[in-house]
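Engineer: Structure in structure tokens, see below.
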Amino acid sequence: MSDTPSFFEELKRRNVVRVGVVYLIAAWLLAQVADLMLASFHAPEWVIQAILVVLIIGFPLALIFAWAFELTPEGLKREKDVDRSQSITHKTGHTLDRSIIAILVIALGYFVWQSQKEPEKGSEPFSSTQNPATEGEDEKRALAPLKSVAVLPFVNMSSDPEQEFFSDGISEEILNALAQVKELKVAGRTSSFAFKGQNQDLRKIGEALGVANILEGSVRKSGTKVRITAQLIQVKDGFHLWSETYDRELTDIFAIQDEISATILQQLKAELIGDETVTVARADTKAYDLYLLASQRIYERNQASLEMAAKLLNQAVAIDSGYAPAYAQLGIANLLLSEVAYGNLPNQEAGATALGFLQKALELDPKNADALAGMGLYHLNIDTDYVAATEVLEQSVAINPNLINASLWLGTAYGAIGNLQRSLQIQEQSYAIDPLHPAVYNNLATTYAAAGMPDKALAVLADLDRYVPNDASRFATVGKVQVMLGQWAEGDRSLTGAIERSPKNYVDRLWLSAILLGLSDYERLAEIGTDGFRSQALSRLGRTEEALILAREVAAENRDMQRFFSVLIENGRYAELVEFVEARWPDLDAFQQEYPGSDGYGDPEWSFLALAYSRIDKEEKFKEVMSRYKAGLDLQIEMGADNWALTWSRAHYALLSGDPEAAIALLDKAVQQGAIFDDALSGPWGIFGSLRGDPAFEAVRARMLEHLNKERAELGLGPLTT
């Protein structure tokens with residue numbers, strides 16, 4: 001028998017087998033640690049794949065190295081150069097055995113730790129660098145419904161940064177598809193996108209949005225191909241429920257969206273919801289590309305972006321004339337470009353153009369929620385048919401309960417017809433879906449303040465402090481609430497800060513103008529106020545003709561009719577006001593359709609019209625206006641409105657109806673609620689001139705003046721006297 005050892009014996013002698021075992025265990029442990037660490041840093045999937053490839057290639061190289069080389073006391077030598085009698089492979093083998101045992105202990109410890117942390121599915125925990133949730137955050141997350149999800153904006157992995165609109169658009173399309181499932185809570189687009197590029201702790205995002213799950217991913221678009229990676233993560237522990245990568249042609253983009261949406265519903269146990277499925281509308285891929293780009297521009301809400309969106313959408317429908325979503329967004333874009341929104345198109349022209357596109361969208365798809373929402377906006381802004389607006393917007397919300405624009409406009413429509421309770425209910429529902437949407441939190445906080453619920457208004461502001469402390473819209477909302485609570489100086493500072501951040505925001509400037517008017521800061525108001533308020537400032541400064549010219553221009557363009565009425569009243573032009581109203585509206589029914597007098601702030605247009613009729617001795621008309629005026633006030637009270645503007649309007653009604661004691665009592669309440677006004681006879685308090693000399697009235701005036709001067713002093717303005 002030969003003394004030459006067999007091949008397998010030689011493998012053992014040279015420790016090749018031991019090296020192989022050490023390598024495999026160490027490589028497995030290294031792969032697990034790499035997967036954990038790279039996930040914490042949100043590294044692309046290809047990084048871990050590259051590490052695995054290197055480890056696999058390294059295995060045969062390690063075996064070859066162990067076979068060809070030997071470790072000696074003099075260092076590493078080729079095996080053939082080592083004297084067998086001097087070989088120490090047996091000592092090296094014992095060292096390797098101890099290494100195997102040590103690595104196995106480490107691996108076993110890791111395995112036990114992982115098995116304790118791992119839920120039913122997934123294997124990727126949060127990074128240890130993330131802050132632990134507080135007890136309050138845990139409680140808030142526990143309240144999040146299990147069937148809830150936020151779709152974060154997918155990361156653009158394309159070489160062209162200009163393709164970011166495409167990744168954002170894909171995220172939004174998946175969000176919209178999921179939002180069609182009525183039993184599934186889907187966080188709103190604006191709130192989900194508020195965390196774009198921030199790499200925030202997912203638990204904080206889930207807490208802010210009130211969801212139990214988060215979908216995130218990436219999109220790489222190259223030529224006619226697209227790769228979409230998506231992963232669904234549980235907020236409570238950060239583990240993956242599901243992940244998938246799709247490599248497809250762009251022509252399959254709609255199928256990918258359907259597949260992702262369907263899989264998420266399955267993962268969230270959507271069978272408990274029912275048998276609902278979701279699909280996205282198909283279109284020519286070029287038209288779809290244009291549609292996605294335009295949709296992102298519409299969200300920017302400025303004239304240049306809206307004009308670009310309209311141009312892109314016109315190109316999209318020229319390519320694919322059967323694509324209903326593009327027509328719907330084209331209609332909405334034109335409405336937003338009107339002079340009463342973000343553009344300068346004459347209102348009726350914008351409305352006529354928009355109506356054609358919206359009707360075409362509904363012809364193609366009668367259940368298109370965006371088109372129905374657009375019709376609601378048309379009724380709100382163009383033909384001021386608020387009842388029709390509520391009807392069509394209810395249809396839109398029924399189809400897609402998570403469509404935030406429809407909910408916003410529906411809340412406004414119900415407020416306009418005096419159903420403040422339903423308006424508030426819708427606003428609260430919208431806030432639950434999209435809490436970081438500026439219009440949502442602004443409407444809810446100011447409505448709480450108008451309804452006499454300051455604690456709830458302040459709670460909304462506290463949440464904003466946590467998540468959007470430096471946002472311009474947050475400053476504006478704070479300012480509006482402060483004004484309604486009688487904190488005029490603070491409201492001035494907040495709204496001034498908002499306008500510095502967003503100079504072209506008309507609504508914010510309107511509120512700041514109201515503050516400057518209340519503070520009697522007429523010089524500043526004449527400089528920076530909206531046109532309607534500037535006309536009032538000019539009137540108070542004694543520049544009557546300039547004031548009347550500007551006020552008439554504002555009224556001719558159907559902007560801020562309240563200021564026009566006020567300027568006429570302050571200058572004793574009662575007959576002119578009546579002539580204007582009777583020439584513009586055929587009867588009071590038509591006037592009431594445009595000014596329902598039920599928004600919760602006291603019906604100033606009806607107040608001024610009633611006063612005008614009383615001063616020109618048109619008794620029958622006066623009685624008819626007063627009847628409608630009272631009905632509007634009663635409705636607002638019934639619906640829960642309670643603020644100084646409404647109380648002041650009620651005081652005016654009491655005085656006009658011949659009850660001075662009630663008027664003084666209501667004025668006292670208005671002052672307690674925070675009302676301040678110019679004490680000049682030409683101003684709002686001048687309407688109560690017949691009460692001058694009454695001790696109770698003078699006491700109310702004195703308290704009002706004290707408050708006014710306190711607020712002026714905080715801003716460095718001098719005191720006013722009676």
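Just so we're on the same page: first chain in the structure tokens is A, next is B, and so on; residues restart at 1 for each chain, and ligands are numbered from 1 in the order they show up.
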Excluding stretch 581-590 of chain A and residues on its chain fewer than 2 positions from it, collect all residues at most 12 Å away from it, counting only C-alpha atoms, and give them as an MDAnalysis selection string.
Structural biologist: chainID A and resid 383:385 555:556 558 561 564:565 574:579 592:597 605:606 608:610 612:613 621:622 624:629
Engineer: Would you mind writing down, as a PyMOL selection string, each residue of stretch 238-412 of chain A that DSSP on the backbone assigns to helix (DSSP H, G or I)?
Structural biologist: chain A and resi 250-267+270-272+285-298+303-319+324-336+347-364+369-381+386-399+404-412
Engineer: Give one line per residue of stretch 457-498 of chain A that approaches stretch 186-199 of chain A to at most 12 Å, naming the two atoms of the closest pair and their distance in Å to one decimal, counting only C-alpha atoms; sort by chain then ascending residue number and deliver it as a tab-separated table.
Structural biologist:
residue	atom	partner	partner_atom	distance
A:Leu464	CA	A:Ser191	CA	11.6
A:Tyr467	CA	A:Ala194	CA	9.1
A:Val468	CA	A:Ala194	CA	8.7
A:Asp471	CA	A:Ala194	CA	10.6
Engineer: Could you write out that same residue set with N, CA and C atoms as a compact mmCIF listing (two decimals), in the first residue's frame?
Structural biologist:
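See again_3.txt below for the written result:
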# COMPACT_ATOMS: atom_id res chain seq x y z
N LEU A 464 -48.35 71.70 14.65
CA LEU A 464 -47.58 72.35 13.59
C LEU A 464 -46.20 72.74 14.10
N TYR A 467 -43.90 69.71 13.69
CA TYR A 467 -43.57 69.12 12.39
C TYR A 467 -43.23 70.14 11.30
N VAL A 468 -43.80 71.33 11.33
CA VAL A 468 -43.48 72.34 10.30
C VAL A 468 -43.25 73.70 10.97
N ASP A 471 -42.60 76.75 8.45
CA ASP A 471 -43.36 76.82 7.22
C ASP A 471 -44.16 78.12 7.17
Engineer: List as a PyMOL selection string the protein and nucleic acid residues near stretch 520-527 of chain A, meaning an atom at most 12 Å away when only C-alpha atoms are counted, but skip any in the same chain fewer than 5 places from it.
Structural biologist: chain A and resi 488-489+492+496+509-515+532-543+546-547+550+676-680+683-684+705+708-709+711-713+715-721
Engineer: Next, the residues of the selection above should be written as a PDB file, in the first residue's frame with C-alpha atoms.
Structural biologist:
ATOM      1  CA  TRP A 488     -53.803  91.483  17.372  1.00  0.00           C
ATOM      2  CA  ALA A 489     -50.143  92.430  17.792  1.00  0.00           C
ATOM      3  CA  ASP A 492     -49.522  91.124  12.974  1.00  0.00           C
ATOM      4  CA  THR A 496     -45.972  89.593   8.489  1.00  0.00           C
ATOM      5  CA  ARG A 509     -52.236  89.661   2.824  1.00  0.00           C
ATOM      6  CA  LEU A 510     -56.012  89.938   3.199  1.00  0.00           C
ATOM      7  CA  TRP A 511     -55.820  88.828   6.843  1.00  0.00           C
ATOM      8  CA  LEU A 512     -52.888  91.127   7.575  1.00  0.00           C
ATOM      9  CA  SER A 513     -54.874  93.975   6.032  1.00  0.00           C
ATOM     10  CA  ALA A 514     -57.759  93.244   8.418  1.00  0.00           C
ATOM     11  CA  ILE A 515     -55.329  93.406  11.344  1.00  0.00           C
ATOM     12  CA  GLY A 532     -60.210  96.680  -0.946  1.00  0.00           C
ATOM     13  CA  PHE A 533     -58.575  97.387   2.397  1.00  0.00           C
ATOM     14  CA  ARG A 534     -56.422 100.107   0.866  1.00  0.00           C
ATOM     15  CA  SER A 535     -59.619 101.911  -0.146  1.00  0.00           C
ATOM     16  CA  GLN A 536     -60.723 101.813   3.513  1.00  0.00           C
ATOM     17  CA  ALA A 537     -57.341 103.110   4.659  1.00  0.00           C
ATOM     18  CA  LEU A 538     -57.550 105.999   2.196  1.00  0.00           C
ATOM     19  CA  SER A 539     -61.051 106.779   3.458  1.00  0.00           C
ATOM     20  CA  ARG A 540     -59.871 106.857   7.092  1.00  0.00           C
ATOM     21  CA  LEU A 541     -56.958 109.099   6.095  1.00  0.00           C
ATOM     22  CA  GLY A 542     -59.402 111.622   4.615  1.00  0.00           C
ATOM     23  CA  ARG A 543     -58.516 110.879   0.966  1.00  0.00           C
ATOM     24  CA  GLU A 546     -59.156 108.249  -4.001  1.00  0.00           C
ATOM     25  CA  ALA A 547     -60.888 105.792  -1.685  1.00  0.00           C
ATOM     26  CA  LEU A 550     -60.373 102.415  -5.787  1.00  0.00           C
ATOM     27  CA  ILE A 676     -60.979  96.191  18.539  1.00  0.00           C
ATOM     28  CA  PHE A 677     -62.037  98.883  16.085  1.00  0.00           C
ATOM     29  CA  ASP A 678     -61.243 102.463  15.186  1.00  0.00           C
ATOM     30  CA  ASP A 679     -63.304 104.669  17.490  1.00  0.00           C
ATOM     31  CA  ALA A 680     -63.787 107.370  14.845  1.00  0.00           C
ATOM     32  CA  GLY A 683     -65.420 103.706  11.361  1.00  0.00           C
ATOM     33  CA  PRO A 684     -67.445 100.663  12.446  1.00  0.00           C
ATOM     34  CA  LEU A 705     -59.817 101.529  23.594  1.00  0.00           C
ATOM     35  CA  LEU A 708     -56.567  98.650  21.280  1.00  0.00           C
ATOM     36  CA  ASN A 709     -53.826 100.850  22.762  1.00  0.00           C
ATOM     37  CA  GLU A 711     -51.980  96.032  21.181  1.00  0.00           C
ATOM     38  CA  ARG A 712     -50.660  99.164  19.422  1.00  0.00           C
ATOM     39  CA  ALA A 713     -48.025  99.675  22.137  1.00  0.00           C
ATOM     40  CA  LEU A 715     -45.978  97.195  17.967  1.00  0.00           C
ATOM     41  CA  GLY A 716     -44.467 100.556  18.863  1.00  0.00           C
ATOM     42  CA  LEU A 717     -47.525 102.560  17.799  1.00  0.00           C
ATOM     43  CA  GLY A 718     -48.721 105.569  19.764  1.00  0.00           C
ATOM     44  CA  PRO A 719     -51.969 105.557  21.765  1.00  0.00           C
ATOM     45  CA  LEU A 720     -55.313 106.692  20.386  1.00  0.00           C
ATOM     46  CA  THR A 721     -57.816 108.751  22.373  1.00  0.00           C
TER      47      THR A 721
END
Engineer: What separation in Å, quoted to one decimal, exists between atom CA of A:Phe165 and atom CA of A:Asn443?
Structural biologist: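 It comes out at 28.5 Å.
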Engineer: Might you pull out every residue within 12 Å of A:Thr229, with only C-alpha atoms counted and same-chain residues fewer than 4 positions away left off, and present them as number ranges by chain?
Structural biologist: A: 44-46, 154-157, 167, 170-171, 215-221, 242-248, 256-257, 260
Engineer: Restricting the calculation to only C-alpha atoms, which member of A:Leu312, A:Met484, A:Ile637, A:Leu410 is positioned closest to A:Val671?
Structural biologist: A:Met484
Engineer: Just to confirm, what's the straight-line distance from atom CA of A:Lys204 to atom CA of A:Pro153 in Å (one decimal)?
Structural biologist: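 Rounded to one decimal, the two atoms are 16.1 Å apart.
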Engineer: For a test of reading the model, state the distance in Å between atom CA of A:Lys504 and atom CA of A:Thr477, rounded to one decimal.
Structural biologist: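 Atom CA of A:Thr477 lies 16.0 Å from atom CA of A:Lys504.
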Engineer: Under the rule that only C-alpha atoms are counted, which of A:Gly415, A:Ala309, A:Ile404, A:Ser690 is the nearest residue to A:Gln429?
Structural biologist: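 Nearest candidate to A:Gln429 out of A:Gly415, A:Ala309, A:Ile404, A:Ser690: A:Ile404.
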Engineer: Among stretch 173-389 of chain A, which ones does DSSP assign to strand (DSSP E) (computed from the backbone)? Answer as a ChimeraX atom specification.
Structural biologist: /A:185-186,213-222,225-234,240-249
Engineer: Which neighbours of A:Gly356 fall inside 12 Å, counting only C-alpha atoms, when residues of the same chain fewer than 3 positions from it are skipped, and could you give them as a ChimeraX atom specification?
Structural biologist: /A:327-328,330-332,334-335,349-353,359-363,371,374-375,378
Engineer: Keeping N, CA, C and O atoms for every residue in the selection just given, could you write it to a file as a PDB file, in the first residue's frame?
Structural biologist:
ATOM      1  N   TYR A 327     -57.814  65.547 -18.798  1.00  0.00           N
ATOM      2  CA  TYR A 327     -58.851  66.567 -18.969  1.00  0.00           C
ATOM      3  C   TYR A 327     -59.288  67.130 -17.609  1.00  0.00           C
ATOM      4  O   TYR A 327     -59.519  68.339 -17.475  1.00  0.00           O
ATOM      5  N   ALA A 328     -59.415  66.243 -16.598  1.00  0.00           N
ATOM      6  CA  ALA A 328     -59.842  66.697 -15.272  1.00  0.00           C
ATOM      7  C   ALA A 328     -58.836  67.687 -14.694  1.00  0.00           C
ATOM      8  O   ALA A 328     -59.215  68.757 -14.194  1.00  0.00           O
ATOM      9  N   LEU A 330     -56.689  69.451 -16.334  1.00  0.00           N
ATOM     10  CA  LEU A 330     -56.661  70.647 -17.178  1.00  0.00           C
ATOM     11  C   LEU A 330     -57.777  71.608 -16.770  1.00  0.00           C
ATOM     12  O   LEU A 330     -57.581  72.833 -16.731  1.00  0.00           O
ATOM     13  N   GLY A 331     -58.947  71.058 -16.452  1.00  0.00           N
ATOM     14  CA  GLY A 331     -60.034  71.903 -15.966  1.00  0.00           C
ATOM     15  C   GLY A 331     -59.691  72.574 -14.646  1.00  0.00           C
ATOM     16  O   GLY A 331     -59.909  73.774 -14.460  1.00  0.00           O
ATOM     17  N   ILE A 332     -59.114  71.800 -13.722  1.00  0.00           N
ATOM     18  CA  ILE A 332     -58.733  72.355 -12.416  1.00  0.00           C
ATOM     19  C   ILE A 332     -57.651  73.419 -12.568  1.00  0.00           C
ATOM     20  O   ILE A 332     -57.695  74.472 -11.917  1.00  0.00           O
ATOM     21  N   ASN A 334     -57.109  75.425 -15.054  1.00  0.00           N
ATOM     22  CA  ASN A 334     -57.690  76.670 -15.565  1.00  0.00           C
ATOM     23  C   ASN A 334     -58.474  77.409 -14.482  1.00  0.00           C
ATOM     24  O   ASN A 334     -58.441  78.648 -14.413  1.00  0.00           O
ATOM     25  N   LEU A 335     -59.164  76.682 -13.618  1.00  0.00           N
ATOM     26  CA  LEU A 335     -59.877  77.337 -12.522  1.00  0.00           C
ATOM     27  C   LEU A 335     -58.901  78.010 -11.558  1.00  0.00           C
ATOM     28  O   LEU A 335     -59.152  79.112 -11.067  1.00  0.00           O
ATOM     29  N   GLU A 349     -64.041  83.810 -18.000  1.00  0.00           N
ATOM     30  CA  GLU A 349     -63.271  83.179 -19.087  1.00  0.00           C
ATOM     31  C   GLU A 349     -62.615  81.890 -18.606  1.00  0.00           C
ATOM     32  O   GLU A 349     -62.673  80.852 -19.278  1.00  0.00           O
ATOM     33  N   ALA A 350     -61.988  81.964 -17.427  1.00  0.00           N
ATOM     34  CA  ALA A 350     -61.366  80.765 -16.860  1.00  0.00           C
ATOM     35  C   ALA A 350     -62.406  79.692 -16.608  1.00  0.00           C
ATOM     36  O   ALA A 350     -62.178  78.499 -16.873  1.00  0.00           O
ATOM     37  N   GLY A 351     -63.569  80.102 -16.114  1.00  0.00           N
ATOM     38  CA  GLY A 351     -64.628  79.144 -15.826  1.00  0.00           C
ATOM     39  C   GLY A 351     -65.164  78.463 -17.070  1.00  0.00           C
ATOM     40  O   GLY A 351     -65.386  77.246 -17.079  1.00  0.00           O
ATOM     41  N   ALA A 352     -65.367  79.230 -18.131  1.00  0.00           N
ATOM     42  CA  ALA A 352     -65.896  78.649 -19.370  1.00  0.00           C
ATOM     43  C   ALA A 352     -64.922  77.636 -19.957  1.00  0.00           C
ATOM     44  O   ALA A 352     -65.324  76.555 -20.417  1.00  0.00           O
ATOM     45  N   THR A 353     -63.639  77.976 -19.953  1.00  0.00           N
ATOM     46  CA  THR A 353     -62.624  77.048 -20.473  1.00  0.00           C
ATOM     47  C   THR A 353     -62.568  75.787 -19.620  1.00  0.00           C
ATOM     48  O   THR A 353     -62.548  74.663 -20.135  1.00  0.00           O
ATOM     49  N   GLN A 359     -66.290  68.709 -18.321  1.00  0.00           N
ATOM     50  CA  GLN A 359     -67.384  67.949 -18.934  1.00  0.00           C
ATOM     51  C   GLN A 359     -66.842  66.844 -19.841  1.00  0.00           C
ATOM     52  O   GLN A 359     -67.400  65.738 -19.886  1.00  0.00           O
ATOM     53  N   LYS A 360     -65.747  67.098 -20.547  1.00  0.00           N
ATOM     54  CA  LYS A 360     -65.127  66.078 -21.388  1.00  0.00           C
ATOM     55  C   LYS A 360     -64.600  64.933 -20.525  1.00  0.00           C
ATOM     56  O   LYS A 360     -64.762  63.754 -20.872  1.00  0.00           O
ATOM     57  N   ALA A 361     -63.973  65.263 -19.399  1.00  0.00           N
ATOM     58  CA  ALA A 361     -63.455  64.226 -18.494  1.00  0.00           C
ATOM     59  C   ALA A 361     -64.583  63.338 -17.984  1.00  0.00           C
ATOM     60  O   ALA A 361     -64.452  62.106 -17.942  1.00  0.00           O
ATOM     61  N   LEU A 362     -65.709  63.943 -17.614  1.00  0.00           N
ATOM     62  CA  LEU A 362     -66.834  63.171 -17.096  1.00  0.00           C
ATOM     63  C   LEU A 362     -67.537  62.391 -18.199  1.00  0.00           C
ATOM     64  O   LEU A 362     -68.128  61.333 -17.936  1.00  0.00           O
ATOM     65  N   GLU A 363     -67.473  62.883 -19.400  1.00  0.00           N
ATOM     66  CA  GLU A 363     -68.012  62.130 -20.539  1.00  0.00           C
ATOM     67  C   GLU A 363     -67.209  60.842 -20.744  1.00  0.00           C
ATOM     68  O   GLU A 363     -67.771  59.781 -21.018  1.00  0.00           O
ATOM     69  N   ALA A 371     -62.421  65.014 -11.676  1.00  0.00           N
ATOM     70  CA  ALA A 371     -63.304  65.821 -12.523  1.00  0.00           C
ATOM     71  C   ALA A 371     -64.509  66.316 -11.728  1.00  0.00           C
ATOM     72  O   ALA A 371     -64.929  67.474 -11.862  1.00  0.00           O
ATOM     73  N   GLY A 374     -63.367  69.075  -9.566  1.00  0.00           N
ATOM     74  CA  GLY A 374     -63.221  70.285 -10.369  1.00  0.00           C
ATOM     75  C   GLY A 374     -64.561  70.972 -10.616  1.00  0.00           C
ATOM     76  O   GLY A 374     -64.655  72.204 -10.588  1.00  0.00           O
ATOM     77  N   MET A 375     -65.606  70.172 -10.853  1.00  0.00           N
ATOM     78  CA  MET A 375     -66.942  70.756 -11.035  1.00  0.00           C
ATOM     79  C   MET A 375     -67.391  71.457  -9.756  1.00  0.00           C
ATOM     80  O   MET A 375     -68.036  72.510  -9.802  1.00  0.00           O
ATOM     81  N   TYR A 378     -65.723  74.714  -9.660  1.00  0.00           N
ATOM     82  CA  TYR A 378     -66.379  75.599 -10.633  1.00  0.00           C
ATOM     83  C   TYR A 378     -67.610  76.259  -9.996  1.00  0.00           C
ATOM     84  O   TYR A 378     -67.813  77.474 -10.103  1.00  0.00           O
TER      85      TYR A 378
END
Engineer: For A:Trp644, which of A:Gly452, A:Pro438, A:Gly572, A:Pro346 is the closest residue, counting only C-alpha atoms?
Structural biologist: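 Closest candidate: A:Gly452.
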Engineer: If we count only C-alpha atoms, what is near A:Leu290 at a cut-off of 10 Å, once residues fewer than 3 positions away on the same chain are taken out, given as a PDB file with C-alpha atoms, in the first residue's frame?
Structural biologist:
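Saved file part.pdb follows:
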ATOM      1  CA  PHE A 165     -41.281  64.460 -11.426  1.00  0.00           C
ATOM      2  CA  PHE A 166     -41.664  60.909 -12.739  1.00  0.00           C
ATOM      3  CA  THR A 285     -46.886  56.574 -22.336  1.00  0.00           C
ATOM      4  CA  LYS A 286     -45.833  59.969 -23.734  1.00  0.00           C
ATOM      5  CA  ALA A 287     -49.152  61.521 -22.691  1.00  0.00           C
ATOM      6  CA  LEU A 293     -45.069  66.365 -14.938  1.00  0.00           C
ATOM      7  CA  ALA A 294     -48.120  68.649 -15.047  1.00  0.00           C
ATOM      8  CA  SER A 295     -49.617  67.135 -11.891  1.00  0.00           C
ATOM      9  CA  ALA A 309     -49.156  72.582 -16.205  1.00  0.00           C
ATOM     10  CA  LYS A 311     -49.527  73.738 -21.471  1.00  0.00           C
ATOM     11  CA  LEU A 312     -48.311  70.211 -20.684  1.00  0.00           C
ATOM     12  CA  LEU A 313     -51.837  68.897 -20.212  1.00  0.00           C
ATOM     13  CA  ASN A 314     -52.941  70.385 -23.531  1.00  0.00           C
ATOM     14  CA  GLN A 315     -50.096  68.458 -25.147  1.00  0.00           C
ATOM     15  CA  ALA A 316     -51.139  65.298 -23.306  1.00  0.00           C
ATOM     16  CA  VAL A 317     -54.752  65.372 -24.517  1.00  0.00           C
ATOM     17  CA  ILE A 319     -51.586  62.890 -27.928  1.00  0.00           C
ATOM     18  CA  ALA A 326     -55.621  64.752 -18.053  1.00  0.00           C
TER      19      ALA A 326
END
Engineer: Which one is closest to A:Glu207: A:Ile174, A:Val235, A:Val460, A:Ile569? Count only C-alpha atoms.
Structural biologist: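 Nearest to A:Glu207: A:Val235.
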Engineer: What's the 12 Å shell around A:Ser396, counting only C-alpha atoms, without same-chain residues fewer than 6 positions away, as a VMD selection string?
Structural biologist: chain A and resid 180 362 366 to 377 389 to 390 402 to 410
Engineer: In terms of the shortest atom-to-atom distance over only C-alpha atoms, which of A:Pro435, A:Glu172, A:Thr263, A:Leu345 is closest to A:Gly206?
Structural biologist: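 Using only C-alpha atoms, the shortest distance to A:Gly206 belongs to A:Pro435.
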